[in-house]
Amino acid sequence: MTLIVTEKPSVARQIASALGKPTSRKTFLKVGDYVITYAFGHLLQFGYPEAYGEHYKKWRLEDLPIVPREWKLIPISKSAQKQLEEIRKLWQEADEVISATDAGREGELIFRLIKEHIGLEKPVRRLWLQSLTPEEIREELGRMRDLSELERLYQSALARAKADWLVGINASRAFTLVTPREVFSIGRVQTPTLALLVDREKEIQQFVPRIYFKVRVGFSVNEHLFWAESLREYEEQDAKALAAELVGQTLQVTHQELSEKKAMPPLLPDLGDLQKFASRAFKWSAQKTMKVLQSLYEKALITYPRTDSRFLPTDMKKQVRSIAKALNQVVQGNWVLVESLNNAARIFNDAKVTDHFAIIPTGKVQELKGDEQRMYEYIVARFLAAFYPPAVEIHQTTDFAYGDHKFRHYAVHVREPSWYALLGGPQSEELLPDLQAVQVNDARAEKRQTQPPPRYTDGTLIAAMETGGRVAEDEEIAQILKEKGIGTPATRAEIIERLVEMGYVQRHGTQLIPTTKGIMLIDALREVKLESLTQPELTGEWERRLRLIESGEETPQAFMWAIEEYVRQIIETLKKEESAHLLRKKQNMPIARCPFCDGFILEGQKSFYCSNWKEGCSFRVWKNMNGGVLTADDVRRLVAEGRTRMKRFKSKAGRTYKAFVVLDMEEKKVAVEYPQRAASSSAADTELAHGDGEVAKPSVDEVKKRATKKHTNTKDASSTDTKGTKKGTRNARGRKRK
Ligand SMILES: [Zn+2]
């Protein structure tokens with residue numbers, strides 16, 4: 001019997017049906033002499049410190065750094081353990097084992113750790129699949145690789161996992177131990193990613209908008225209305241005066257210029273590219289895009305999605321033609337261009353393909369619905385578009401003068417839409433004819449404001465992670481910067497989710513906003529001279545060295561020594577008394593002054609509250625209030641302007657409504673104000689109810705528990721019983737009103 005082990009049950013099913021008519025058992029499938037079983041992604045991980053000694057259960061600074069000499073593997077869950085038992089039984093009976101986990105670094109690790117754990121010697125070969133179509137599966141079964149060919153990939157995967165364990169466990173424990181109140185998590189990839197968000201947030205907060213005016217003039221040519229805009233910026237008064245003066249006047253044309261621009265279609269997509277698109281177009285998180293792509297891959301509709309290559313290998317030309325033939329029936333477009341391999345030099349490039357190539361459809365067609373349908377259609381459109389000729393645009397600049405005042409009309413006319421028809425492109429504008437002068441029909445003074453840089457979304461954060469935070473407009477340059485990006489395509493979505501889970505980042509619509517806790521961590525690491533943990537360069541450099549292990553240019557030992565040395569430095573720095581002192585001071589950095597008293601507004605796990613709450617100050621804003629999310633930024637605005645922007649809430653009955661959160665300076669409390677009743681004072685009496693019905697008042701227990709909760713990773717401790725909290729509220733109010 002030959003045992004095949006896949007990464008996921010769905011892949012096992014695809015392989016089984018490619019081999020014949022399978023019979024299905026509880027934990028495996030059977031076809032002829034083949035038995036196909038599966039993991040559920042990772043089944044094993046390196047044990048937590050307590051696996052290396054009972055005494056590590058207690059977090060103590062003097063035990064750090066913890067560097068295991070013999071690494072211990074443990075099942076990640078009960079169900080993983082059960083599945084491992086099943087795999088072991090099948091392994092025992094097998095004459096040969098085939099590894100069919102996903103074709104990448106993590107896939108390799110998943111199988112190797114299972115093999116290590118089971119520890120039975122059997123001949124093993126590797127099935128390396130780029131897609132899950134029956135043809136590909138049957139073809140690849142005929143040319144399986146020897147496991148030794150993937151030894152270096154395995155070594156780099158192992159080094160990656162150990163390095164992340166060493167940095168994560170030691171830095172998180174040390175930082176948490178020297179800071180008195182909260183549990184922190186630090187990681188090789190997550191912390192530099194958080195730093196990107198924190199740096200952007202600071203830019204936004206320090207941004208001072210500048211207001212200026214531009215003058216726009218409208219004129220008719222051949223019954224078309226065109227607009228030109230002043231090159232200069234004006235003060236409000238001057239702009240208005242000029243606009244009034246301009247109506248009816250003649251502008252002289254001083255310069256007119258045409259140029260032709262060709263826009264090549266985008267390269268084929270990789271994972272990051274699709275995550276960026278879906279974030280922008282569908283408002284999806286990176287995680288969601290990953291899930292949809294994984295599902296399309298498991299249905300054998302697209303090729304392997306965890307890729308960062310945007311090219312195809314040259315030996316795929318024949319296959320590309322047959323994919324075109326298959327899709328031709330169902331998708332409209334110029335498939336002849338694909339069949340004739342137009343743009344081939346740009347699309348096929350062996351030097352830029354390693355284990356994986358770009359994401360393309362496999363040619364298999366299947367009825368889809370909803371999200372999968374949308375994503376699949378886009379991937380097909382991108383595939384088709386890549387073979388289209390460039391779109392052709394005509395850019396026209398026309399300059400006008402009125403005395404010393406200069407105006408410009410700029411238009412882009414799309415002469416040849418080409419692939420814009422598939423993926424969208426700029427709106428085609430009317431060009432001006434040759435002319436000497438125009439008469440102004442309309443003139444306006446328009447207020448403009450300089451804008452702060454935008455907050456990151458999942459899509460723009462993925463883009464920043466790919467390039468280590470450096471900006472690259474050019475696709476080619478972005479490719480080069482990718483060499484030193486943060487994380488790998490396969491893990492970026494998880495990293496973003498992890499930051500949210502740890503309370504470092506809040507989602508606000510599509511925006512990702514760092515919390516005070518996240519900002520404090522980054523600030524603190526920089527101040528104690530551990531800024532390397534926040535720098536994309538370091539993790540990018542490690543990523544590069546992991547690839548060198550893959551290519552055999554660096555030994556895993558040399559890499560591990562460097563990591564161990566680095567971890568020792570981190571611990572030594574954090575153990576220093578001045579570091580500990582500095583960090584204690586930094587803890588709970590206030591986000592604003594309290595508007596009601598001389599206290600400071602602090603950020604807790606679930607709310608923003610005043611440092612003088614014990615003295616009875618009733619400033620408190622719940623982060624999740626009546627189904628709405630309030631961020632530190634909202635609170636800063638509330639304090640500065642007396643009210644937040646209009647927020648969206650949900651009533652108990654589930655209806656959404658909009659309201660402001662406002663300061664009631666008379667009653668010295670935070671209240672809700674409805675737009676239609678803005679003038680009514682009774683609106684301000686509305687009780688601020690927390691999402692689960694708790695009344696807004698700091699609970700003594702919350703703070704006490706927070707102070708003692710260190711060493712445990714339990715969820716927030718603020719859910720004291722409702723009665724007790726309510727009582728506390730009344731007492732506090734009673735005191736204040738006397
Ligand atoms: Zn206060």
# chains A, B, ... in the order shown; residues from 1 in each chain; ligands from 1
$ residues_near_ligand --ligand "ligand 1" --cutoff "7 Å" --atoms "only C-alpha atoms and all ligand atoms" --output "ChimeraX atom specification"
/A:594-600,610-613,617-619
$ residues_around --residues "Lys82 of chain A" --least-positions-apart "5" --cutoff "12 Å" --atoms "only C-alpha atoms" --output "PyMOL selection string"
chain A and resi 27+39-40+43-44+75-77+87-89
$ residues_around --residues "Met646 of chain A" --least-positions-apart "6" --cutoff "7 Å" --atoms "only C-alpha atoms" --output "list in words"
Lys658, Ala659 and Phe660 of chain A
$ write_last_selection --atoms "C-alpha atoms" --output "mmCIF file, in the first residue's frame"
data_model
loop_
_atom_site.group_PDB
_atom_site.id
_atom_site.type_symbol
_atom_site.label_atom_id
_atom_site.label_comp_id
_atom_site.auth_asym_id
_atom_site.auth_seq_id
_atom_site.Cartn_x
_atom_site.Cartn_y
_atom_site.Cartn_z
ATOM 1 C CA LYS A 658 -26.167 57.608 13.741
ATOM 2 C CA ALA A 659 -25.204 59.794 16.639
ATOM 3 C CA PHE A 660 -22.394 61.855 18.118
#
$ residues_around --residues "Leu546 of chain A" --least-positions-apart "4" --cutoff "7 Å" --atoms "only C-alpha atoms" --output "PyMOL selection string"
chain A and resi 156+542+550
$ atom_distance --atom1 "atom CA of Pro390 of chain A" --atom2 "atom CA of Glu416 of chain A"
8.2 Å
